[in-house]
Amino acid sequence: MTVYWVVWDAAAAWIVDRLEAEGSLPAVRRLRATGSFAAARPPRPNCQTPPSLATLFTGAGPERHGVTGFPVPDRDGPITGMSSGFGPKFPLIPPVWAELGLRAAFVHVPWVFDADGAVAPWVDAAVEAFSGRIARPGHLRVPTGAKVQWQGHSLEAVPGGLLFDGRLVRSAEGWVERRFSDGLGTWIRCLEQPDGDRLFAHTGLYHARFAGADPALVEAMRTAPVFAGESLGPSYRIGTFGPRLIDGGDGAAEEVFLSAVQCAARAFIGAAERTLAGHEADLVVLYLPITDDVGHEFVGWCDERSGMFRPESAPVLWELVRQVYGWADQFLGRVLDRADQDDTVILTADHGIVGCTKLVHLNEPLIEAGLAVWDAAGALDPARSSVVYHPANNGSLCVNTLDRPYGVVPPQEAGPAMARAMAVLREVIDPDSGRPVVARFLDEHGVPLSDGAVPPVVFVELRHDYQPTAAPAGAGPVVRSAAKPGAHVVNTGDDRLLATFAVAGPGIEARCHLGEVDNTFAAQLVRRRFLSSLQKVDS
């Protein structure tokens, strides 16, 4: 018996349901026809990727696994201190696979490698590259006749393309894979510019790590296409590839962006296919991020319930969403083909996604009220700040009490200081609508605060279509238009943040809609599958 656990990042239940109803996801339809499906609640108060994956994989909430965002605020260090939620000290409780000690294989799943890059002896094979990022995806303009350097590699604009380390990359050939050494490489593309210069686009530079007790499977993973872990969203948003469709573009910018997403699809799916072909593991966990990439850049424009909705562009952009989800669905079909009648296939997502119209710079009103202070470099100054919206941007307000390094607030004054900060933020108004942007405040468990004692850490829940940022506002307004039209930070309870879920296998009822489940359910299901199997062996 094998359990195949497929994770689509940010695959919202509402998106998958709509695409499946359109007939665009035949593998999802096939899985649902033979099994059960639901919409899954991501964790509260924060439903960014790290806490949501930790909840998915441990079967517990953030109060137990400790992951509250991409960076996690330090509890004992300076008020602005933080560490990576994907770091080796997290999650605070083991994922279900470590608890069971199963023979397992993992494709780009966090919390499998330890701090020294080793894996447990029961891991047959694993590949992971996100933690080995050397350079983010991006672009570099190469003037005609000039030579420039990128990460130690030479670039030169020549007729017909670019010389990359002396090898011609033609403008007409699209993305080209470049492998520099074992586990290190990138995808590159040359784009002609109207002024004759060349634009060098790349998918970032990552060092992948491989390990496991099955040498043949580990070696097969090494032969997968070069890793590409993120899209070129920031470059796309600022118009590097031309105006976006919603800005009057002709679709050329979207073609570049989507083609970069396809590089990531080839990398992840390539590693996963090699795992499917050669594994003997009991549990195979396969992660795919491309649905998150397209969600952040396009879904908001297609979300009829969002202020970002653009009816004139939505049909074309929805087709692009459909295309990327179609790549994920084709891969799910390969997993279903690989599974036999004794196997279980689980499709999950960490969270959903909603449209985002406005960003709110939450520290600016706190600074104006004298509660927080910027230092000379434009960062929060912990030695002079009483209450800050944490730079981890995980939704939390924190009081800088004296039991912390550089603390300034006596413990007995923590409650009043937080109450004042909450009152300040309640007064933040969107000048376009004339409405307050804060909906309510939550405790660390995601429960709305009632009258009474105020805790030293509070989560800010903004109204729909607003997202928080800890960045300085600079010369701009506190509330401003968002460049990224899709987001997920604080879990507001909006049903668009529900994740997709489906499972098929022995004993699973066919065509059964379970309604809503908690996103701890998948780990609980995996645990029950293997514990029941072990009990049968023992008996």
# chains A, B, ... in the order shown; residues from 1 in each chain; ligands from 1
call {"tool": "residues_around", "arguments": {"residues": "A:Phe441", "least_positions_apart": "2", "cutoff": "6 Å", "atoms": "only C-alpha atoms", "output": "VMD selection string"}}
result
chain A and resid 448 to 449 459 to 461
call {"tool": "closest_atom_pairs", "arguments": {"of": "stretch 422-489 of chain A", "to": "stretch 406-417 of chain A", "cutoff": "10 Å", "atoms": "only C-alpha atoms", "output": "CSV"}}
result
residue,atom,partner,partner_atom,distance
A:Met422,CA,A:Ala417,CA,8.7
A:Ala423,CA,A:Ala417,CA,9.9
A:Gly452,CA,A:Gly415,CA,9.8
A:Ala453,CA,A:Gly415,CA,6.9
A:Val454,CA,A:Gly415,CA,5.1
A:Pro455,CA,A:Gly415,CA,6.4
A:Pro456,CA,A:Ala414,CA,6.2
A:Val457,CA,A:Ala414,CA,9.7
call {"tool": "residues_around", "arguments": {"residues": "stretch 28-36 of chain A", "least_positions_apart": "3", "cutoff": "6 Å", "atoms": "only C-alpha atoms", "output": "MDAnalysis selection string"}}
result
chainID A and resid 25 502:504 508:513
call {"tool": "residues_around", "arguments": {"residues": "A:Gly77", "least_positions_apart": "5", "cutoff": "12 Å", "atoms": "only C-alpha atoms", "output": "mmCIF file with N, CA and C atoms, in the first residue's frame"}}
result
data_model
loop_
_atom_site.group_PDB
_atom_site.id
_atom_site.type_symbol
_atom_site.label_atom_id
_atom_site.label_comp_id
_atom_site.auth_asym_id
_atom_site.auth_seq_id
_atom_site.Cartn_x
_atom_site.Cartn_y
_atom_site.Cartn_z
ATOM 1 N N VAL A 72 8.978 33.877 11.563
ATOM 2 C CA VAL A 72 8.258 33.722 12.833
ATOM 3 C C VAL A 72 8.874 34.679 13.836
ATOM 4 N N MET A 82 13.280 37.728 14.335
ATOM 5 C CA MET A 82 12.471 36.687 13.698
ATOM 6 C C MET A 82 13.377 35.642 13.080
ATOM 7 N N SER A 83 12.797 34.490 12.806
ATOM 8 C CA SER A 83 13.522 33.407 12.142
ATOM 9 C C SER A 83 12.597 32.755 11.138
ATOM 10 N N PRO A 382 13.807 48.893 17.735
ATOM 11 C CA PRO A 382 13.236 48.213 18.906
ATOM 12 C C PRO A 382 13.526 48.926 20.225
ATOM 13 N N ASN A 400 6.408 45.768 23.075
ATOM 14 C CA ASN A 400 7.828 45.639 23.373
ATOM 15 C C ASN A 400 8.044 45.770 24.888
ATOM 16 N N THR A 401 7.796 44.668 25.604
ATOM 17 C CA THR A 401 7.882 44.691 27.056
ATOM 18 C C THR A 401 9.321 44.581 27.548
ATOM 19 N N LEU A 402 9.511 44.924 28.826
ATOM 20 C CA LEU A 402 10.854 44.990 29.396
ATOM 21 C C LEU A 402 11.510 43.614 29.532
ATOM 22 N N ASP A 403 10.729 42.545 29.426
ATOM 23 C CA ASP A 403 11.352 41.222 29.505
ATOM 24 C C ASP A 403 12.036 40.822 28.206
ATOM 25 N N ARG A 404 12.032 41.709 27.224
ATOM 26 C CA ARG A 404 12.756 41.489 25.962
ATOM 27 C C ARG A 404 14.017 42.344 25.945
ATOM 28 N N PRO A 405 15.024 41.934 25.152
ATOM 29 C CA PRO A 405 16.153 42.846 24.923
ATOM 30 C C PRO A 405 15.654 44.145 24.272
ATOM 31 N N TYR A 406 16.118 45.262 24.764
ATOM 32 C CA TYR A 406 15.718 46.594 24.270
ATOM 33 C C TYR A 406 14.244 46.896 24.548
ATOM 34 N N GLY A 407 13.634 46.177 25.491
ATOM 35 C CA GLY A 407 12.235 46.429 25.811
ATOM 36 C C GLY A 407 12.049 47.781 26.475
#
call {"tool": "residues_around", "arguments": {"residues": "stretch 282-289 of chain A", "least_positions_apart": "4", "cutoff": "6 Å", "atoms": "only C-alpha atoms", "output": "CSV table (one decimal) with C-alpha atoms, in the first residue's frame"}}
result
chain,number,residue,atom,x,y,z
A,2,THR,CA,1.2,3.5,-0.9
A,3,VAL,CA,-0.3,6.8,0.0
A,4,TYR,CA,0.3,9.5,-2.7
A,5,TRP,CA,-0.1,13.0,-1.2
A,6,VAL,CA,-0.2,15.7,-3.8
A,7,VAL,CA,-0.1,19.4,-2.6
A,8,TRP,CA,-1.1,22.2,-4.9
A,9,ASP,CA,-0.1,25.5,-3.3
A,103,ARG,CA,9.5,4.6,4.1
A,104,ALA,CA,8.9,7.9,2.3
A,105,ALA,CA,9.9,10.0,-0.7
A,106,PHE,CA,9.6,13.8,-0.9
A,107,VAL,CA,9.7,16.3,-3.8
call {"tool": "residues_around", "arguments": {"residues": "A:Ala129", "least_positions_apart": "5", "cutoff": "10 Å", "atoms": "only C-alpha atoms", "output": "ChimeraX atom specification"}}
result
/A:107-110,183-184,205-210,227-229
call {"tool": "select_by_dssp", "arguments": {"residues": "stretch 282-433 of chain A", "states": "strand (DSSP E or B)", "output": "VMD selection string"}}
result
chain A and resid 283 to 288 344 to 348 354 to 355 358 to 361 374 380 387 to 389 396 to 399 401 409 429
call {"tool": "select_by_dssp", "arguments": {"residues": "stretch 90-157 of chain A", "states": "helix (DSSP H, G or I)", "output": "mmCIF file with N, CA and C atoms, in the first residue's frame"}}
result
data_model
loop_
_atom_site.group_PDB
_atom_site.id
_atom_site.type_symbol
_atom_site.label_atom_id
_atom_site.label_comp_id
_atom_site.auth_asym_id
_atom_site.auth_seq_id
_atom_site.Cartn_x
_atom_site.Cartn_y
_atom_site.Cartn_z
ATOM 1 N N VAL A 96 3.599 14.249 10.220
ATOM 2 C CA VAL A 96 3.042 12.917 10.412
ATOM 3 C C VAL A 96 3.998 11.829 9.943
ATOM 4 N N TRP A 97 4.791 12.096 8.898
ATOM 5 C CA TRP A 97 5.689 11.055 8.398
ATOM 6 C C TRP A 97 6.825 10.753 9.393
ATOM 7 N N ALA A 98 7.288 11.764 10.116
ATOM 8 C CA ALA A 98 8.336 11.526 11.109
ATOM 9 C C ALA A 98 7.783 10.767 12.309
ATOM 10 N N GLU A 99 6.554 11.060 12.626
ATOM 11 C CA GLU A 99 5.892 10.368 13.731
ATOM 12 C C GLU A 99 5.743 8.875 13.440
ATOM 13 N N LEU A 100 5.437 8.535 12.175
ATOM 14 C CA LEU A 100 5.182 7.137 11.823
ATOM 15 C C LEU A 100 6.440 6.394 11.386
ATOM 16 N N PHE A 130 14.298 25.082 -2.172
ATOM 17 C CA PHE A 130 13.885 26.420 -1.747
ATOM 18 C C PHE A 130 14.874 27.028 -0.755
ATOM 19 N N SER A 131 15.380 26.206 0.170
ATOM 20 C CA SER A 131 16.289 26.735 1.187
ATOM 21 C C SER A 131 17.666 27.048 0.617
ATOM 22 N N GLY A 132 17.936 26.621 -0.619
ATOM 23 C CA GLY A 132 19.239 26.864 -1.232
ATOM 24 C C GLY A 132 19.235 28.015 -2.214
#
call {"tool": "atom_distance", "arguments": {"atom1": "atom CA of A:Ala40", "atom2": "atom CA of A:Ala483"}}
result
27.8 Å
call {"tool": "residues_around", "arguments": {"residues": "A:Leu371", "least_positions_apart": "3", "cutoff": "6 Å", "atoms": "only C-alpha atoms", "output": "JSON, numbers by chain"}}
result
{"A": [366, 367, 385, 386, 387]}
call {"tool": "closest_residue", "arguments": {"among": "A:His445, A:His139, A:His65, A:Lys484", "to": "A:Trp301", "atoms": "only C-alpha atoms"}}
result
A:Lys484
call {"tool": "closest_residue", "arguments": {"among": "A:Ser481, A:Ser259, A:Ser396, A:Thr275", "to": "A:Ala224", "atoms": "only C-alpha atoms"}}
result
A:Thr275
call {"tool": "closest_residue", "arguments": {"among": "A:Glu128, A:Glu22, A:Asp337, A:Asp17", "to": "A:Ala38", "atoms": "only C-alpha atoms"}}
result
A:Asp17
call {"tool": "closest_residue", "arguments": {"among": "A:Arg41, A:Arg141, A:Lys358, A:Arg133", "to": "A:Leu56", "atoms": "only C-alpha atoms"}}
result
A:Arg41
call {"tool": "closest_residue", "arguments": {"among": "A:Gly212, A:Gly145, A:Gly196, A:Pro137", "to": "A:Ser231", "atoms": "only C-alpha atoms"}}
result
A:Pro137
call {"tool": "closest_residue", "arguments": {"among": "A:Glu312, A:Arg244, A:Ala272, A:Ala201", "to": "A:Val335", "atoms": "only C-alpha atoms"}}
result
A:Ala272
call {"tool": "atom_distance", "arguments": {"atom1": "atom CA of A:Ala213", "atom2": "atom CA of A:Asp124"}}
result
4.6 Å
call {"tool": "atom_distance", "arguments": {"atom1": "atom CA of A:Pro62", "atom2": "atom CA of A:Arg75"}}
result
14.3 Å
call {"tool": "decode", "arguments": {"residues": "stretch 454-480 of chain A", "atoms": "N, CA, C and O atoms", "output": "short mmCIF file (atom, residue, chain, number, x, y, z; two decimals), in the first residue's frame"}}
result
data_model
loop_
_atom_site.label_atom_id
_atom_site.label_comp_id
_atom_site.auth_asym_id
_atom_site.auth_seq_id
_atom_site.Cartn_x
_atom_site.Cartn_y
_atom_site.Cartn_z
N VAL A 454 -6.27 42.58 27.39
CA VAL A 454 -5.70 42.62 26.05
C VAL A 454 -4.37 41.88 26.08
O VAL A 454 -3.48 42.22 26.86
N PRO A 455 -4.18 40.86 25.24
CA PRO A 455 -2.92 40.11 25.25
C PRO A 455 -1.77 40.92 24.64
O PRO A 455 -2.01 41.90 23.91
N PRO A 456 -0.52 40.51 24.91
CA PRO A 456 0.63 41.27 24.39
C PRO A 456 0.89 41.03 22.90
O PRO A 456 1.69 41.74 22.30
N VAL A 457 0.25 40.01 22.30
CA VAL A 457 0.33 39.78 20.87
C VAL A 457 -1.10 39.69 20.33
O VAL A 457 -1.91 38.90 20.81
N VAL A 458 -1.40 40.52 19.35
CA VAL A 458 -2.74 40.60 18.77
C VAL A 458 -2.60 40.56 17.26
O VAL A 458 -1.67 41.15 16.70
N PHE A 459 -3.51 39.87 16.59
CA PHE A 459 -3.50 39.81 15.13
C PHE A 459 -4.55 40.76 14.57
O PHE A 459 -5.68 40.82 15.07
N VAL A 460 -4.16 41.48 13.53
CA VAL A 460 -5.02 42.48 12.90
C VAL A 460 -5.75 41.84 11.72
O VAL A 460 -5.11 41.38 10.77
N GLU A 461 -7.06 41.83 11.79
CA GLU A 461 -7.86 41.34 10.66
C GLU A 461 -8.40 42.54 9.90
O GLU A 461 -9.21 43.31 10.43
N LEU A 462 -7.96 42.71 8.67
CA LEU A 462 -8.44 43.81 7.84
C LEU A 462 -9.70 43.38 7.10
O LEU A 462 -10.02 42.20 6.99
N ARG A 463 -10.42 44.35 6.58
CA ARG A 463 -11.62 44.06 5.81
C ARG A 463 -11.22 43.38 4.49
O ARG A 463 -10.08 43.43 4.06
N HIS A 464 -12.21 42.73 3.87
CA HIS A 464 -11.97 42.07 2.59
C HIS A 464 -11.37 43.06 1.60
O HIS A 464 -11.76 44.23 1.55
N ASP A 465 -10.44 42.58 0.79
CA ASP A 465 -9.77 43.34 -0.25
C ASP A 465 -8.59 44.17 0.27
O ASP A 465 -7.93 44.84 -0.51
N TYR A 466 -8.33 44.12 1.57
CA TYR A 466 -7.17 44.83 2.13
C TYR A 466 -6.17 43.81 2.65
O TYR A 466 -6.53 42.77 3.19
N GLN A 467 -4.88 44.13 2.49
CA GLN A 467 -3.82 43.29 3.02
C GLN A 467 -2.82 44.16 3.76
O GLN A 467 -2.57 45.31 3.37
N PRO A 468 -2.21 43.63 4.84
CA PRO A 468 -1.27 44.44 5.62
C PRO A 468 0.13 44.39 5.04
O PRO A 468 0.51 43.45 4.36
N THR A 469 0.92 45.41 5.36
CA THR A 469 2.35 45.39 5.07
C THR A 469 3.08 46.10 6.19
O THR A 469 2.58 47.09 6.75
N ALA A 470 4.26 45.57 6.52
CA ALA A 470 5.09 46.20 7.55
C ALA A 470 6.06 47.21 6.95
O ALA A 470 6.78 47.88 7.69
N ALA A 471 6.10 47.32 5.64
CA ALA A 471 7.07 48.20 4.98
C ALA A 471 6.75 49.67 5.24
O ALA A 471 5.59 50.04 5.44
N PRO A 472 7.77 50.53 5.22
CA PRO A 472 7.51 51.97 5.33
C PRO A 472 6.67 52.48 4.17
O PRO A 472 6.80 52.00 3.04
N ALA A 473 5.82 53.43 4.43
CA ALA A 473 4.98 54.00 3.38
C ALA A 473 5.74 55.01 2.53
O ALA A 473 5.30 55.34 1.43
N GLY A 474 6.88 55.52 3.05
CA GLY A 474 7.61 56.53 2.30
C GLY A 474 6.78 57.78 2.13
O GLY A 474 6.09 58.22 3.05
N ALA A 475 6.80 58.33 0.93
CA ALA A 475 6.05 59.56 0.68
C ALA A 475 4.60 59.28 0.31
O ALA A 475 3.81 60.21 0.16
N GLY A 476 4.24 58.01 0.15
CA GLY A 476 2.89 57.67 -0.28
C GLY A 476 1.91 57.57 0.86
O GLY A 476 2.27 57.65 2.04
N PRO A 477 0.63 57.36 0.54
CA PRO A 477 -0.41 57.25 1.58
C PRO A 477 -0.30 55.93 2.35
O PRO A 477 0.29 54.96 1.87
N VAL A 478 -0.90 55.91 3.52
CA VAL A 478 -0.91 54.70 4.34
C VAL A 478 -1.71 53.60 3.65
O VAL A 478 -1.31 52.43 3.69
N VAL A 479 -2.82 53.96 3.03
CA VAL A 479 -3.65 53.01 2.29
C VAL A 479 -3.47 53.30 0.80
O VAL A 479 -3.75 54.42 0.35
N ARG A 480 -2.98 52.32 0.07
CA ARG A 480 -2.69 52.56 -1.34
C ARG A 480 -3.03 51.33 -2.17
O ARG A 480 -3.23 50.23 -1.63
#
